[in-house]
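Enquirer: Below you'll find structure_4.cif; it's mmCIF, C-alpha atoms.
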```cif
data_run
loop_
_atom_site.label_atom_id
_atom_site.label_comp_id
_atom_site.auth_asym_id
_atom_site.auth_seq_id
_atom_site.Cartn_x
_atom_site.Cartn_y
_atom_site.Cartn_z
CA MET Q 22 -6.88 1.78 -7.33
CA THR Q 23 -8.87 -1.31 -6.42
CA ALA Q 24 -7.09 -3.87 -4.29
CA ARG Q 25 -6.67 -7.33 -5.75
CA PRO Q 26 -9.37 -9.75 -4.57
CA ASP Q 27 -6.81 -12.33 -3.39
CA ARG Q 28 -5.25 -9.74 -1.08
CA ASP Q 29 -8.65 -8.69 0.24
CA GLY Q 30 -9.45 -12.35 0.84
CA ALA Q 31 -6.19 -12.88 2.70
CA GLU Q 32 -6.96 -9.87 4.88
CA GLN Q 33 -10.41 -11.29 5.68
CA LEU Q 34 -8.84 -14.65 6.51
CA GLY Q 35 -6.44 -12.87 8.86
CA LEU Q 36 -9.35 -11.17 10.63
CA LEU Q 37 -11.15 -14.50 10.97
CA GLY Q 38 -7.98 -16.08 12.33
CA THR Q 39 -7.76 -13.37 14.98
CA ALA Q 40 -11.40 -13.99 15.96
CA TRP Q 41 -10.69 -17.73 16.18
CA GLU Q 42 -7.65 -17.18 18.39
CA GLU Q 43 -9.74 -14.98 20.65
CA ALA Q 44 -12.44 -17.66 20.90
CA ALA Q 45 -9.87 -20.43 21.34
CA GLN Q 46 -8.42 -18.66 24.38
CA HIS Q 47 -11.73 -19.28 26.14
CA TRP Q 48 -12.80 -22.45 24.43
CA GLN Q 49 -10.50 -25.39 24.98
CA ASP Q 50 -12.65 -28.44 25.64
CA GLU Q 51 -13.30 -31.52 23.51
CA VAL Q 52 -16.05 -29.79 21.55
CA ALA Q 53 -13.61 -27.01 20.70
CA ARG Q 54 -11.01 -29.52 19.54
CA GLN Q 55 -13.62 -31.23 17.40
CA PHE Q 56 -14.74 -27.92 15.92
CA ASP Q 57 -11.12 -27.08 15.19
CA ALA Q 58 -10.50 -30.40 13.43
CA ASP Q 59 -13.83 -30.57 11.58
CA HIS Q 60 -14.32 -26.94 10.60
CA TRP Q 61 -11.67 -24.39 11.44
CA THR Q 62 -8.50 -26.13 10.25
CA PRO Q 63 -10.02 -27.31 6.92
CA LEU Q 64 -11.55 -23.89 6.35
CA ALA Q 65 -8.28 -22.07 7.00
CA GLN Q 66 -6.26 -24.50 4.86
CA ARG Q 67 -8.66 -24.50 1.94
CA SER Q 68 -9.05 -20.72 2.09
CA ARG Q 69 -5.27 -20.28 1.97
CA ALA Q 70 -5.01 -22.74 -0.95
CA TYR Q 71 -7.81 -21.00 -2.84
CA LEU Q 72 -6.37 -17.53 -2.29
CA GLU Q 73 -2.93 -18.70 -3.36
CA ALA Q 74 -4.38 -20.22 -6.55
CA LEU Q 75 -6.35 -17.02 -7.18
CA GLY Q 76 -3.22 -14.93 -6.65
CA THR Q 77 -1.28 -17.07 -9.14
CA LEU Q 78 -4.06 -16.74 -11.71
CA LEU Q 79 -4.31 -12.97 -11.22
CA ASP Q 80 -0.54 -12.70 -11.75
CA VAL Q 81 -0.99 -14.52 -15.06
CA LEU Q 82 -3.88 -12.23 -16.06
CA GLU Q 83 -1.86 -9.11 -15.25
CA THR Q 84 1.13 -10.43 -17.20
CA ALA Q 85 -1.13 -11.29 -20.14
CA GLU Q 86 -2.44 -7.72 -20.23
CA ARG Q 87 1.02 -6.17 -19.96
CA ASP Q 88 2.63 -8.55 -22.45
CA THR Q 89 0.06 -7.86 -25.16
CA GLU Q 90 0.30 -4.06 -25.03
CA PHE Q 91 2.05 -3.19 -28.29
CA MET D 16 -15.46 -24.65 27.35
CA THR D 17 -12.20 -24.29 29.14
CA LYS D 18 -13.41 -25.62 32.42
CA GLY D 19 -17.14 -26.05 32.17
CA GLY D 20 -17.56 -27.83 28.85
CA SER D 21 -19.42 -26.49 25.84
CA GLY D 22 -21.09 -29.82 25.18
CA GLY D 23 -23.28 -29.72 28.25
CA THR D 24 -24.72 -27.42 30.83
CA ASN D 25 -22.35 -28.16 33.71
CA ILE D 26 -20.67 -24.92 34.67
CA GLY D 27 -19.21 -26.25 37.91
CA SER D 28 -16.95 -23.84 39.77
CA TRP D 29 -16.36 -21.85 36.64
CA GLY D 30 -17.75 -18.36 37.28
CA THR D 31 -20.65 -16.76 35.50
CA ASN D 32 -18.40 -13.94 34.28
CA ARG D 33 -16.17 -16.52 32.67
CA VAL D 34 -19.18 -17.99 30.88
CA HIS D 35 -20.10 -14.51 29.65
CA ALA D 36 -16.59 -13.98 28.31
CA ASP D 37 -16.62 -17.34 26.58
CA ILE D 38 -20.02 -16.80 25.04
CA ASP D 39 -19.02 -13.35 23.85
CA ALA D 40 -15.86 -14.74 22.27
CA LEU D 41 -17.84 -17.46 20.51
CA LYS D 42 -20.43 -14.96 19.33
CA GLY D 43 -17.63 -12.80 18.02
CA PHE D 44 -16.19 -15.74 16.14
CA HIS D 45 -19.62 -16.67 14.78
CA GLU D 46 -20.13 -13.13 13.49
CA ALA D 47 -16.65 -13.19 11.97
CA LEU D 48 -17.48 -16.48 10.20
CA VAL D 49 -20.63 -15.00 8.66
CA ARG D 50 -18.75 -11.87 7.55
CA PHE D 51 -15.98 -14.04 6.14
CA ARG D 52 -18.43 -16.11 4.09
CA TYR D 53 -19.94 -13.03 2.46
CA ALA D 54 -16.55 -11.40 1.94
CA GLN D 55 -15.07 -14.52 0.33
CA ARG D 56 -18.06 -14.83 -1.99
CA GLY D 57 -17.30 -11.29 -3.07
CA VAL D 58 -13.64 -12.21 -3.57
CA ALA D 59 -14.65 -15.19 -5.72
CA GLU D 60 -16.98 -13.04 -7.82
CA ARG D 61 -14.29 -10.41 -8.35
CA GLY D 62 -11.86 -13.15 -9.34
CA GLY D 63 -14.35 -14.39 -11.93
CA ASP D 64 -14.86 -10.84 -13.18
CA GLN D 65 -11.10 -10.41 -13.62
CA ILE D 66 -10.93 -13.56 -15.73
CA GLU D 67 -13.77 -12.36 -17.97
CA MET D 68 -12.30 -8.86 -18.26
CA THR D 69 -8.92 -10.23 -19.33
CA ARG D 70 -10.54 -12.60 -21.82
CA ALA D 71 -12.55 -9.74 -23.30
CA SER D 72 -9.49 -7.50 -23.42
CA LEU D 73 -7.39 -10.15 -25.19
CA ALA D 74 -10.23 -10.87 -27.62
CA ALA D 75 -10.47 -7.17 -28.46
CA LYS D 76 -6.72 -6.96 -28.99
CA ALA D 77 -6.76 -10.07 -31.19
CA SER D 78 -9.59 -8.60 -33.24
CA ARG D 79 -7.74 -5.30 -33.63
CA TRP D 80 -4.52 -6.97 -34.74
CA GLN D 81 -6.41 -9.32 -37.05
CA SER D 82 -7.88 -6.27 -38.80
CA ARG D 83 -4.46 -4.68 -38.94
CA LEU D 84 -2.98 -7.85 -40.42
CA GLU D 85 -5.63 -7.90 -43.14
CA GLN D 86 -4.84 -4.26 -43.86
CA CYS D 87 -1.12 -5.03 -44.06
CA HIS D 88 -1.80 -7.88 -46.47
CA ALA D 89 -3.91 -5.58 -48.64
CA GLU D 90 -1.15 -2.96 -48.67
CA LEU D 91 1.43 -5.59 -49.60
CA ASP D 92 -0.78 -6.89 -52.40
CA ALA D 93 -1.26 -3.35 -53.66
CA CYS D 94 2.47 -2.75 -53.60
CA ARG D 95 3.16 -5.92 -55.53
CA ALA D 96 0.43 -5.16 -58.05
CA GLY D 97 1.41 -1.54 -58.57
CA GLY D 98 5.04 -1.99 -59.54
CA GLY D 99 4.45 -1.83 -63.27
CA GLU D 100 7.35 -3.11 -65.33
CA GLU D 101 9.87 -2.48 -62.62
CA ALA D 102 9.54 -4.63 -59.52
CA ALA D 103 8.63 -2.40 -56.60
CA ASP D 104 10.42 -2.61 -53.27
CA CYS D 105 7.72 -4.02 -51.03
CA SER D 106 10.06 -5.17 -48.27
CA ALA D 107 8.61 -2.70 -45.74
CA TYR D 108 5.14 -4.12 -46.36
CA VAL D 109 6.48 -7.66 -46.01
CA ARG D 110 8.04 -6.75 -42.65
CA ALA D 111 4.79 -5.13 -41.53
CA VAL D 112 2.86 -8.30 -42.39
CA GLU D 113 5.39 -10.44 -40.49
CA GLN D 114 5.47 -8.21 -37.43
CA THR D 115 1.69 -7.86 -37.28
CA GLY D 116 1.26 -11.60 -37.70
CA GLU D 117 3.73 -12.29 -34.90
CA ARG D 118 1.89 -9.94 -32.56
CA LEU D 119 -1.41 -11.55 -33.38
CA GLU D 120 0.03 -15.00 -32.71
CA HIS D 121 1.50 -13.73 -29.44
CA ILE D 122 -1.94 -12.54 -28.32
CA ARG D 123 -3.52 -15.83 -29.36
CA ARG D 124 -0.96 -17.78 -27.35
CA TRP D 125 -1.86 -15.66 -24.33
CA GLN D 126 -5.55 -16.31 -24.96
CA GLN D 127 -4.87 -20.05 -24.91
CA ARG D 128 -2.77 -19.81 -21.75
CA VAL D 129 -5.42 -17.75 -19.97
CA ASP D 130 -8.08 -20.30 -20.96
CA ILE D 131 -5.97 -23.17 -19.62
CA GLU D 132 -5.06 -21.40 -16.37
CA ALA D 133 -8.65 -20.26 -15.83
CA SER D 134 -9.93 -23.77 -16.46
CA GLU D 135 -7.49 -25.27 -13.94
CA PHE D 136 -8.42 -22.59 -11.41
CA GLY D 137 -12.12 -23.32 -12.02
CA GLY D 138 -11.81 -26.66 -10.21
CA THR D 139 -10.27 -25.05 -7.14
CA ALA D 140 -12.76 -22.20 -7.21
CA GLY D 141 -15.76 -24.52 -7.55
CA ALA D 142 -14.67 -26.62 -4.58
CA TYR D 143 -14.10 -23.49 -2.52
CA LEU D 144 -17.54 -22.10 -3.39
CA ASP D 145 -19.03 -25.42 -2.25
CA LEU D 146 -17.22 -25.00 1.02
CA LEU D 147 -18.54 -21.45 1.39
CA ASP D 148 -22.11 -22.47 0.49
CA SER D 149 -22.36 -25.78 2.36
CA ASP D 150 -19.62 -26.50 4.90
CA LEU D 151 -19.35 -23.01 6.30
CA PRO D 152 -23.08 -22.56 7.01
CA ARG D 153 -22.98 -25.95 8.77
CA ALA D 154 -20.09 -24.77 10.93
CA GLU D 155 -22.01 -21.58 11.70
CA SER D 156 -25.08 -23.59 12.71
CA GLN D 157 -23.04 -25.85 14.95
CA LEU D 158 -21.44 -22.86 16.60
CA LEU D 159 -24.84 -21.25 17.14
CA ALA D 160 -26.07 -24.47 18.79
CA ILE D 161 -23.06 -24.42 21.10
CA ILE D 162 -23.70 -20.77 21.97
CA THR D 163 -27.36 -21.54 22.66
CA SER D 164 -26.36 -24.42 24.89
CA LEU D 165 -23.95 -22.21 26.80
CA GLU D 166 -26.54 -19.48 27.19
CA ALA D 167 -28.92 -22.08 28.62
CA ALA D 168 -26.16 -23.15 30.99
CA ARG D 169 -25.61 -19.53 31.99
CA ARG D 170 -29.16 -19.42 33.28
CA VAL D 171 -28.34 -22.34 35.63
CA PRO D 172 -26.87 -20.99 38.90
CA ALA D 173 -23.23 -21.84 39.45
CA ALA D 174 -22.63 -24.56 42.04
CA GLU D 175 -21.76 -23.25 45.48
CA THR D 176 -18.21 -23.85 46.65
#
```
Could you show the structure in this file as C-alpha cells?
Expert:
Amino acid sequence: MTARPDRDGAEQLGLLGTAWEEAAQHWQDEVARQFDADHWTPLAQRSRAYLEALGTLLDVLETAERDTEF
Amino acid sequence: MTKGGSGGTNIGSWGTNRVHADIDALKGFHEALVRFRYAQRGVAERGGDQIEMTRASLAAKASRWQSRLEQCHAELDACRAGGGEEAADCSAYVRAVEQTGERLEHIRRWQQRVDIEASEFGGTAGAYLDLLDSDLPRAESQLLAIITSLEAARRVPAAET
C-alpha cells in the first residue's frame, strides 16, 4: 500500500530538521542566525502548514470515496 | 561559524579539524535541502494526482447513478403505463427512484465539497510550490556560497597560538 504523500512529506521534513540540527551544532554565528531567520524557520513553518493542509484535504478525499460507496 | 565566523575567512584559534567538521555539517545540510526540494515536489505532485483521482472517481459514480436513476424512472413509467384497468402497485419503483436520486444527490454534494476544498488548498499549494521553486534554491545558493567561503578559509593556515 502506498503511503500518503503528506506523511512522506512529514518524514522528509523530519530528516531535513535532523540535518539542520546537526549543522546548527557547528554553526552558531551571526550568519547562521540570519540563515535561520531568513530561510530555515520560514521553510520549516510553511512546510508544516502545507503538509497539514494536504493531510486535511486527503482526509476529505478518503471520506468522499468511502461515503459514496453504495 | 561557532568561533571563526562563516561570513569571513578568519579562523583564529579555531582548529582546522573543527572547520572540516563544520563544513561537512553544512554540506550535509545543503544536500538534505536539495533532496528535500525534490521530495516535496514529488509530494505536491502526488497530492495533485489524488485530487484528480478522487474527482474522476466521483464523476464516474455520479454518471453510473445518473444512468441508474434514468433506468428507475423508465421502470416506474412502464409500471404506471402497464396497469391496465386496475392501478398497479408501483410503490417499489417509486422507492427505487427516490433512493437512487438521493444517492446521486449525495455524490453530487461530495463533488461540490471536493471542488471547494481542493480550490482552497490550491492557494496553499501554489504558495508552497513557489517557495520550493524560488526561495529554496536561493537558500541553497547562499549556503553553497558560505561553504565556498569556509573552504577558502580552510586553505588559510590557522593562526599560531
Enquirer: Select all residues near (-16.4, -27.4, 17.9) (cut-off 12 Å, inclusive, file coordinates), counting only C-alpha atoms, and output them as an MDAnalysis selection string.
Expert: (chainID Q and resid 41 44:45 48:62) or (chainID D and resid 16 20:22 41 44:45 153:162)
Enquirer: Pick from D:Leu48, D:Pro152, D:Gly43, D:Gly57: nearest to Q:Asp27, with only C-alpha atoms counted?
Expert: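 With only C-alpha atoms as the atom set, the closest residue is D:Gly57.
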Enquirer: Rounded to one decimal place, report the atom CA of Q:Pro26-atom CA of D:Gln65 distance in Å.
Expert: 9.2 Å
Enquirer: Spell out the residues picked by the PyMOL selection byres ((chain Q and resi 83) around 12) here, as a PDB file with C-alpha atoms, in the coordinates of the input.
Expert:
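Wrote part07.pdb, looks like this:
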```pdb
ATOM      1  CA  ARG Q  25      -6.670  -7.330  -5.750  1.00  0.00           C
ATOM      2  CA  GLY Q  76      -3.220 -14.930  -6.650  1.00  0.00           C
ATOM      3  CA  THR Q  77      -1.280 -17.070  -9.140  1.00  0.00           C
ATOM      4  CA  LEU Q  78      -4.060 -16.740 -11.710  1.00  0.00           C
ATOM      5  CA  LEU Q  79      -4.310 -12.970 -11.220  1.00  0.00           C
ATOM      6  CA  ASP Q  80      -0.540 -12.700 -11.750  1.00  0.00           C
ATOM      7  CA  VAL Q  81      -0.990 -14.520 -15.060  1.00  0.00           C
ATOM      8  CA  LEU Q  82      -3.880 -12.230 -16.060  1.00  0.00           C
ATOM      9  CA  THR Q  84       1.130 -10.430 -17.200  1.00  0.00           C
ATOM     10  CA  ALA Q  85      -1.130 -11.290 -20.140  1.00  0.00           C
ATOM     11  CA  GLU Q  86      -2.440  -7.720 -20.230  1.00  0.00           C
ATOM     12  CA  ARG Q  87       1.020  -6.170 -19.960  1.00  0.00           C
ATOM     13  CA  ASP Q  88       2.630  -8.550 -22.450  1.00  0.00           C
ATOM     14  CA  THR Q  89       0.060  -7.860 -25.160  1.00  0.00           C
ATOM     15  CA  GLU Q  90       0.300  -4.060 -25.030  1.00  0.00           C
TER      16      GLU Q  90
ATOM     17  CA  GLN D  65     -11.100 -10.410 -13.620  1.00  0.00           C
ATOM     18  CA  ILE D  66     -10.930 -13.560 -15.730  1.00  0.00           C
ATOM     19  CA  MET D  68     -12.300  -8.860 -18.260  1.00  0.00           C
ATOM     20  CA  THR D  69      -8.920 -10.230 -19.330  1.00  0.00           C
ATOM     21  CA  ARG D  70     -10.540 -12.600 -21.820  1.00  0.00           C
ATOM     22  CA  SER D  72      -9.490  -7.500 -23.420  1.00  0.00           C
ATOM     23  CA  LEU D  73      -7.390 -10.150 -25.190  1.00  0.00           C
ATOM     24  CA  TRP D 125      -1.860 -15.660 -24.330  1.00  0.00           C
ATOM     25  CA  VAL D 129      -5.420 -17.750 -19.970  1.00  0.00           C
TER      26      VAL D 129
END
```
Enquirer: Written as a ChimeraX atom specification, what is the full residue list that the PyMOL selection byres ((chain D and resi 120) around 12) yields on the file shown?
Expert: /Q:89 /D:73,76-78,80-81,84,113-119,121-127
Enquirer: Which residue, D:Asp150, D:Glu85, D:Asp145, D:Asp92, has the smallest gap to chain Q when you use all atoms listed in the file?
Expert: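 Using all atoms listed in the file, chain Q sits closest to D:Asp150.
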Enquirer: Give the answer as one residue: which of Q:Ala65, Q:Asp29, Q:Glu43, Q:Gly38 has the shortest atom-to-atom distance to D:Ala36, using all atoms listed in the file?
Expert: Q:Glu43
Enquirer: Mind giving me the straight-line distance from atom CA of D:Leu91 to atom CA of D:Arg79 in Å, one decimal?
Expert: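 Between atom CA of D:Leu91 and atom CA of D:Arg79 the gap works out to 18.4 Å.
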Enquirer: Kindly indicate which residue among D:Ala102, D:Val49, D:Ala89, D:Val58 lies nearest to chain Q, using all atoms listed in the file for the distances.
Expert: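 Closest to chain Q of all the choices is D:Val58.
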Enquirer: Between Q:Gln66, Q:Leu36, Q:Glu73, Q:Gly30, which residue has the minimum interatomic distance to D:Glu60, considering only C-alpha atoms?
Expert: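 Residue with the minimum atom-to-atom distance to D:Glu60: Q:Gly30.
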Enquirer: Would you mind reading off the distance between atom CA of D:Arg83 and atom CA of D:Asp130, one decimal, in Å?
Expert: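 That distance, rounded to one decimal, is 24.1 Å.
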Enquirer: Compare D:Cys105, D:Ala74, D:Ala54, D:Val112 by their minimum atom-to-atom distance to Q:Ser68, counting only C-alpha atoms, and give me the closest one.
Expert: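 Result for the nearest residue to Q:Ser68: D:Ala54.
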Enquirer: Which residues fall under the PyMOL selection byres ((chain D and resi 140) around 10) in this file, as a PyMOL selection string?
Expert: (chain Q and resi 70-72+74-75) or (chain D and resi 59+62-63+133-139+141-146)
Enquirer: Is it possible to get the axis-aligned box enclosing stretch 79-92 of chain D (all listed atoms, 3 Å extra per side) as JSON, with centre and edge lengths in Å rounded to one decimal?
Expert:
```
{"center_x": -3.2, "center_y": -6.1, "center_z": -43.0, "size_x": 15.3, "size_y": 12.4, "size_z": 24.8}
```
Enquirer: With the input short on atoms, add N, CA and C atoms back to stretch 51-64 of chain Q and write it as a PDB file, keeping the file's coordinate frame.
Expert:
```pdb
ATOM      1  N   GLU Q  51     -13.263 -30.535  24.596  1.00  0.00           N
ATOM      2  CA  GLU Q  51     -13.300 -31.520  23.510  1.00  0.00           C
ATOM      3  C   GLU Q  51     -14.118 -31.028  22.324  1.00  0.00           C
ATOM      4  N   VAL Q  52     -15.216 -30.318  22.635  1.00  0.00           N
ATOM      5  CA  VAL Q  52     -16.050 -29.790  21.550  1.00  0.00           C
ATOM      6  C   VAL Q  52     -15.252 -28.784  20.714  1.00  0.00           C
ATOM      7  N   ALA Q  53     -14.452 -27.987  21.412  1.00  0.00           N
ATOM      8  CA  ALA Q  53     -13.610 -27.010  20.700  1.00  0.00           C
ATOM      9  C   ALA Q  53     -12.606 -27.724  19.806  1.00  0.00           C
ATOM     10  N   ARG Q  54     -11.992 -28.781  20.342  1.00  0.00           N
ATOM     11  CA  ARG Q  54     -11.010 -29.520  19.540  1.00  0.00           C
ATOM     12  C   ARG Q  54     -11.667 -30.151  18.306  1.00  0.00           C
ATOM     13  N   GLN Q  55     -12.888 -30.632  18.513  1.00  0.00           N
ATOM     14  CA  GLN Q  55     -13.620 -31.230  17.400  1.00  0.00           C
ATOM     15  C   GLN Q  55     -13.966 -30.172  16.350  1.00  0.00           C
ATOM     16  N   PHE Q  56     -14.397 -29.007  16.839  1.00  0.00           N
ATOM     17  CA  PHE Q  56     -14.740 -27.920  15.920  1.00  0.00           C
ATOM     18  C   PHE Q  56     -13.497 -27.490  15.134  1.00  0.00           C
ATOM     19  N   ASP Q  57     -12.396 -27.444  15.829  1.00  0.00           N
ATOM     20  CA  ASP Q  57     -11.120 -27.080  15.190  1.00  0.00           C
ATOM     21  C   ASP Q  57     -10.799 -28.071  14.068  1.00  0.00           C
ATOM     22  N   ALA Q  58     -10.881 -29.359  14.410  1.00  0.00           N
ATOM     23  CA  ALA Q  58     -10.500 -30.400  13.430  1.00  0.00           C
ATOM     24  C   ALA Q  58     -11.501 -30.490  12.274  1.00  0.00           C
ATOM     25  N   ASP Q  59     -12.795 -30.363  12.610  1.00  0.00           N
ATOM     26  CA  ASP Q  59     -13.830 -30.570  11.580  1.00  0.00           C
ATOM     27  C   ASP Q  59     -14.072 -29.335  10.713  1.00  0.00           C
ATOM     28  N   HIS Q  60     -13.935 -28.165  11.323  1.00  0.00           N
ATOM     29  CA  HIS Q  60     -14.320 -26.940  10.600  1.00  0.00           C
ATOM     30  C   HIS Q  60     -13.199 -25.932  10.422  1.00  0.00           C
ATOM     31  N   TRP Q  61     -12.597 -25.506  11.541  1.00  0.00           N
ATOM     32  CA  TRP Q  61     -11.670 -24.390  11.440  1.00  0.00           C
ATOM     33  C   TRP Q  61     -10.419 -24.711  10.620  1.00  0.00           C
ATOM     34  N   THR Q  62      -9.746 -25.805  10.959  1.00  0.00           N
ATOM     35  CA  THR Q  62      -8.500 -26.130  10.250  1.00  0.00           C
ATOM     36  C   THR Q  62      -8.746 -26.362   8.753  1.00  0.00           C
ATOM     37  N   PRO Q  63      -9.762 -27.165   8.373  1.00  0.00           N
ATOM     38  CA  PRO Q  63     -10.020 -27.310   6.920  1.00  0.00           C
ATOM     39  C   PRO Q  63     -10.376 -25.993   6.246  1.00  0.00           C
ATOM     40  N   LEU Q  64     -11.169 -25.173   6.940  1.00  0.00           N
ATOM     41  CA  LEU Q  64     -11.550 -23.890   6.350  1.00  0.00           C
ATOM     42  C   LEU Q  64     -10.332 -23.002   6.116  1.00  0.00           C
TER      43      LEU Q  64
END
```
